[in-house]
Amino acid sequence: MAEARVFIIEEHEGVRCALEDRLNRSHRIEVVGHTGEADQAVSAVQKSHPDLVLVEVKRSDGLGLEILRLISSITPAPMLVVLTSYPSFWERDAAFRAGATSYLVKSLDSEELIQQLIDLLK
């Protein structure tokens, strides 16, 4: 049985699928769903009941922080992890104010990323 159920919100399909593949290689993580669409994100998270939601907040539609706010209002709310290509102090602070639990870079190797996610649930 997996230690963490994860949902991925990433608008770029190639990145989303690569991330899903990275996480699914571990028996410790179960990817329970993913979407790139902002208007589907909240309902998909509610239906899948993940422990953690990985969110890239740099979106072409500008809705990344709003997605965080909306998901953080779900009861019970999953942990929100911003997974970004390039970090920004402004974005990090804004993400935490919007409900993020953690702020990580996508360049982490797979084992380190998985360990960081598992550690959040302890």
# chains A, B, ... in the order shown; residues from 1 in each chain; ligands from 1
>>> residues_around(residues="stretch 1-16 of chain A", least_positions_apart="4", cutoff="8 Å", atoms="only C-alpha atoms", output="PyMOL selection string")
chain A and resi 20+27-37+41+45+48-56+59+117-118+121
>>> write_last_selection(atoms="C-alpha atoms", output="compact mmCIF listing (two decimals), in the first residue's frame")
# COMPACT_ATOMS: atom_id res chain seq x y z
CA GLU A 20 3.28 11.15 -12.96
CA HIS A 27 5.78 1.93 -4.45
CA ARG A 28 5.54 4.71 -1.81
CA ILE A 29 3.41 7.04 -3.97
CA GLU A 30 0.08 6.49 -5.71
CA VAL A 31 -0.91 9.12 -8.26
CA VAL A 32 -4.69 9.23 -7.93
CA GLY A 33 -5.28 11.73 -10.70
CA HIS A 34 -4.08 14.72 -12.62
CA THR A 35 -5.36 17.61 -14.67
CA GLY A 36 -4.12 20.65 -16.49
CA GLU A 37 -7.47 22.40 -16.46
CA ALA A 41 -8.95 20.97 -10.53
CA VAL A 45 -9.31 16.77 -6.10
CA SER A 48 -9.99 11.58 -5.59
CA HIS A 49 -9.30 12.38 -1.89
CA PRO A 50 -5.51 12.75 -2.17
CA ASP A 51 -3.18 13.30 0.77
CA LEU A 52 -1.11 15.76 -1.26
CA VAL A 53 -1.76 17.93 -4.28
CA LEU A 54 1.19 19.05 -6.42
CA VAL A 55 0.47 22.38 -8.08
CA GLU A 56 2.50 24.42 -10.55
CA ARG A 59 0.06 29.12 -15.32
CA LEU A 117 6.50 14.30 -0.07
CA ILE A 118 6.46 11.36 2.34
CA LEU A 121 2.80 13.43 5.90
>>> residues_around(residues="A:Ile74", least_positions_apart="4", cutoff="10 Å", atoms="only C-alpha atoms", output="tab-separated table (two decimals) with C-alpha atoms, in the first residue's frame")
chain	number	residue	atom	x	y	z
A	42	VAL	CA	-11.09	21.47	-7.43
A	43	SER	CA	-13.79	18.92	-8.29
A	45	VAL	CA	-9.31	16.77	-6.10
A	46	GLN	CA	-12.56	16.44	-4.13
A	69	ARG	CA	-6.92	29.02	-2.31
A	70	LEU	CA	-9.86	26.97	-3.54
A	78	PRO	CA	-5.15	17.90	1.35
>>> select_by_dssp(residues="chain A", states="strand (DSSP E)", output="JSON, numbers by chain")
{"A": [4, 5, 6, 7, 8, 9, 29, 30, 31, 32, 33, 34, 35, 52, 53, 54, 55, 79, 80, 81, 82, 83, 84, 102, 103, 104, 105]}
>>> atom_distance(atom1="atom CA of A:Glu66", atom2="atom CA of A:Ser102")
16.3 Å
>>> closest_residue(among="A:Val82, A:Lys47, A:Asp119, A:Cys17", to="A:Lys106", atoms="only C-alpha atoms")
A:Val82
>>> atom_distance(atom1="atom CA of A:Val105", atom2="atom CA of A:Asn24")
18.3 Å
>>> atom_distance(atom1="atom CA of A:Asp93", atom2="atom CA of A:Ala44")
25.8 Å
>>> select_by_dssp(residues="chain A", states="alpha helix (DSSP H)", output="JSON, numbers by chain")
{"A": [13, 14, 15, 16, 17, 18, 19, 20, 21, 22, 23, 24, 38, 39, 40, 41, 42, 43, 44, 45, 46, 47, 48, 64, 65, 66, 67, 68, 69, 70, 71, 72, 89, 90, 91, 92, 93, 94, 95, 96, 97, 110, 111, 112, 113, 114, 115, 116, 117, 118, 119, 120]}
>>> write_last_selection(atoms="N, CA and C atoms", output="compact mmCIF listing (two decimals), in the first residue's frame")
# COMPACT_ATOMS: atom_id res chain seq x y z
N GLU A 13 0.94 19.20 -20.50
CA GLU A 13 0.71 17.76 -20.50
C GLU A 13 1.99 16.94 -20.43
N GLY A 14 3.01 17.31 -21.17
CA GLY A 14 4.26 16.56 -21.16
C GLY A 14 4.91 16.56 -19.79
N VAL A 15 4.90 17.71 -19.13
CA VAL A 15 5.46 17.82 -17.78
C VAL A 15 4.62 17.01 -16.80
N ARG A 16 3.31 17.12 -16.93
CA ARG A 16 2.39 16.39 -16.04
C ARG A 16 2.59 14.88 -16.16
N CYS A 17 2.69 14.39 -17.39
CA CYS A 17 2.86 12.95 -17.59
C CYS A 17 4.23 12.47 -17.12
N ALA A 18 5.26 13.28 -17.35
CA ALA A 18 6.61 12.91 -16.88
C ALA A 18 6.65 12.86 -15.36
N LEU A 19 5.99 13.82 -14.72
CA LEU A 19 5.95 13.83 -13.25
C LEU A 19 5.17 12.62 -12.73
N GLU A 20 4.06 12.32 -13.36
CA GLU A 20 3.28 11.15 -12.96
C GLU A 20 4.13 9.88 -13.09
N ASP A 21 4.85 9.77 -14.19
CA ASP A 21 5.72 8.61 -14.41
C ASP A 21 6.80 8.52 -13.33
N ARG A 22 7.44 9.64 -13.01
CA ARG A 22 8.47 9.67 -11.95
C ARG A 22 7.91 9.16 -10.63
N LEU A 23 6.74 9.65 -10.27
CA LEU A 23 6.16 9.29 -8.98
C LEU A 23 5.65 7.85 -8.97
N ASN A 24 5.08 7.40 -10.07
CA ASN A 24 4.54 6.05 -10.13
C ASN A 24 5.61 4.97 -10.10
N ALA A 38 -7.77 24.32 -15.01
CA ALA A 38 -8.09 25.00 -13.75
C ALA A 38 -9.54 24.75 -13.34
N ASP A 39 -10.45 24.74 -14.30
CA ASP A 39 -11.86 24.59 -13.95
C ASP A 39 -12.23 23.17 -13.51
N GLN A 40 -11.34 22.20 -13.72
CA GLN A 40 -11.58 20.83 -13.28
C GLN A 40 -10.83 20.48 -12.00
N ALA A 41 -9.89 21.31 -11.61
CA ALA A 41 -8.95 20.97 -10.53
C ALA A 41 -9.65 20.71 -9.20
N VAL A 42 -10.48 21.61 -8.76
CA VAL A 42 -11.09 21.47 -7.43
C VAL A 42 -12.00 20.25 -7.36
N SER A 43 -12.88 20.07 -8.34
CA SER A 43 -13.79 18.92 -8.29
C SER A 43 -13.03 17.61 -8.43
N ALA A 44 -11.98 17.58 -9.23
CA ALA A 44 -11.19 16.36 -9.39
C ALA A 44 -10.47 16.00 -8.09
N VAL A 45 -9.97 17.00 -7.39
CA VAL A 45 -9.31 16.77 -6.10
C VAL A 45 -10.34 16.27 -5.09
N GLN A 46 -11.51 16.88 -5.07
CA GLN A 46 -12.56 16.44 -4.13
C GLN A 46 -12.95 14.99 -4.36
N LYS A 47 -13.01 14.57 -5.61
CA LYS A 47 -13.43 13.20 -5.93
C LYS A 47 -12.35 12.17 -5.62
N SER A 48 -11.07 12.56 -5.72
CA SER A 48 -9.99 11.58 -5.59
C SER A 48 -9.42 11.47 -4.17
N GLY A 64 -3.02 29.99 -10.84
CA GLY A 64 -2.32 29.09 -9.93
C GLY A 64 -2.58 29.34 -8.47
N LEU A 65 -2.46 30.59 -8.03
CA LEU A 65 -2.70 30.90 -6.62
C LEU A 65 -4.17 30.73 -6.25
N GLU A 66 -5.06 31.03 -7.18
CA GLU A 66 -6.49 30.84 -6.92
C GLU A 66 -6.81 29.35 -6.75
N ILE A 67 -6.16 28.50 -7.54
CA ILE A 67 -6.34 27.06 -7.38
C ILE A 67 -5.92 26.64 -5.98
N LEU A 68 -4.79 27.16 -5.50
CA LEU A 68 -4.35 26.86 -4.14
C LEU A 68 -5.40 27.28 -3.11
N ARG A 69 -5.92 28.51 -3.25
CA ARG A 69 -6.92 29.02 -2.31
C ARG A 69 -8.16 28.14 -2.29
N LEU A 70 -8.63 27.77 -3.45
CA LEU A 70 -9.86 26.97 -3.54
C LEU A 70 -9.67 25.58 -2.95
N ILE A 71 -8.55 24.94 -3.25
CA ILE A 71 -8.32 23.60 -2.73
C ILE A 71 -8.08 23.65 -1.22
N SER A 72 -7.45 24.70 -0.73
CA SER A 72 -7.21 24.79 0.72
C SER A 72 -8.51 24.95 1.50
N PHE A 89 11.01 34.23 -4.56
CA PHE A 89 10.64 34.56 -3.18
C PHE A 89 9.21 35.09 -3.11
N TRP A 90 8.84 35.93 -4.07
CA TRP A 90 7.48 36.47 -4.10
C TRP A 90 6.46 35.35 -4.24
N GLU A 91 6.71 34.47 -5.20
CA GLU A 91 5.78 33.36 -5.45
C GLU A 91 5.69 32.45 -4.23
N ARG A 92 6.81 32.17 -3.62
CA ARG A 92 6.84 31.29 -2.44
C ARG A 92 5.97 31.89 -1.32
N ASP A 93 6.16 33.16 -1.03
CA ASP A 93 5.37 33.81 0.02
C ASP A 93 3.88 33.83 -0.33
N ALA A 94 3.58 34.15 -1.57
CA ALA A 94 2.18 34.18 -2.01
C ALA A 94 1.56 32.78 -1.94
N ALA A 95 2.33 31.77 -2.29
CA ALA A 95 1.82 30.40 -2.24
C ALA A 95 1.51 29.97 -0.81
N PHE A 96 2.38 30.32 0.13
CA PHE A 96 2.11 29.97 1.53
C PHE A 96 0.88 30.73 2.05
N ARG A 97 0.72 31.98 1.66
CA ARG A 97 -0.47 32.73 2.07
C ARG A 97 -1.74 32.13 1.49
N SER A 110 14.20 12.18 -8.41
CA SER A 110 12.96 11.49 -8.06
C SER A 110 12.93 10.99 -6.63
N GLU A 111 14.01 10.38 -6.17
CA GLU A 111 14.02 9.85 -4.80
C GLU A 111 13.90 10.96 -3.77
N GLU A 112 14.58 12.08 -3.99
CA GLU A 112 14.49 13.21 -3.06
C GLU A 112 13.08 13.80 -3.06
N LEU A 113 12.49 13.94 -4.22
CA LEU A 113 11.12 14.45 -4.31
C LEU A 113 10.16 13.54 -3.55
N ILE A 114 10.27 12.25 -3.79
CA ILE A 114 9.39 11.29 -3.11
C ILE A 114 9.59 11.37 -1.60
N GLN A 115 10.83 11.43 -1.16
CA GLN A 115 11.10 11.50 0.28
C GLN A 115 10.53 12.78 0.88
N GLN A 116 10.69 13.90 0.18
CA GLN A 116 10.13 15.17 0.67
C GLN A 116 8.61 15.06 0.82
N LEU A 117 7.96 14.44 -0.14
CA LEU A 117 6.50 14.30 -0.07
C LEU A 117 6.08 13.39 1.08
N ILE A 118 6.77 12.28 1.25
CA ILE A 118 6.46 11.36 2.34
C ILE A 118 6.68 12.04 3.69
N ASP A 119 7.78 12.79 3.81
CA ASP A 119 8.10 13.48 5.07
C ASP A 119 7.02 14.49 5.46
N LEU A 120 6.37 15.09 4.48
CA LEU A 120 5.30 16.05 4.79
C LEU A 120 4.14 15.40 5.53
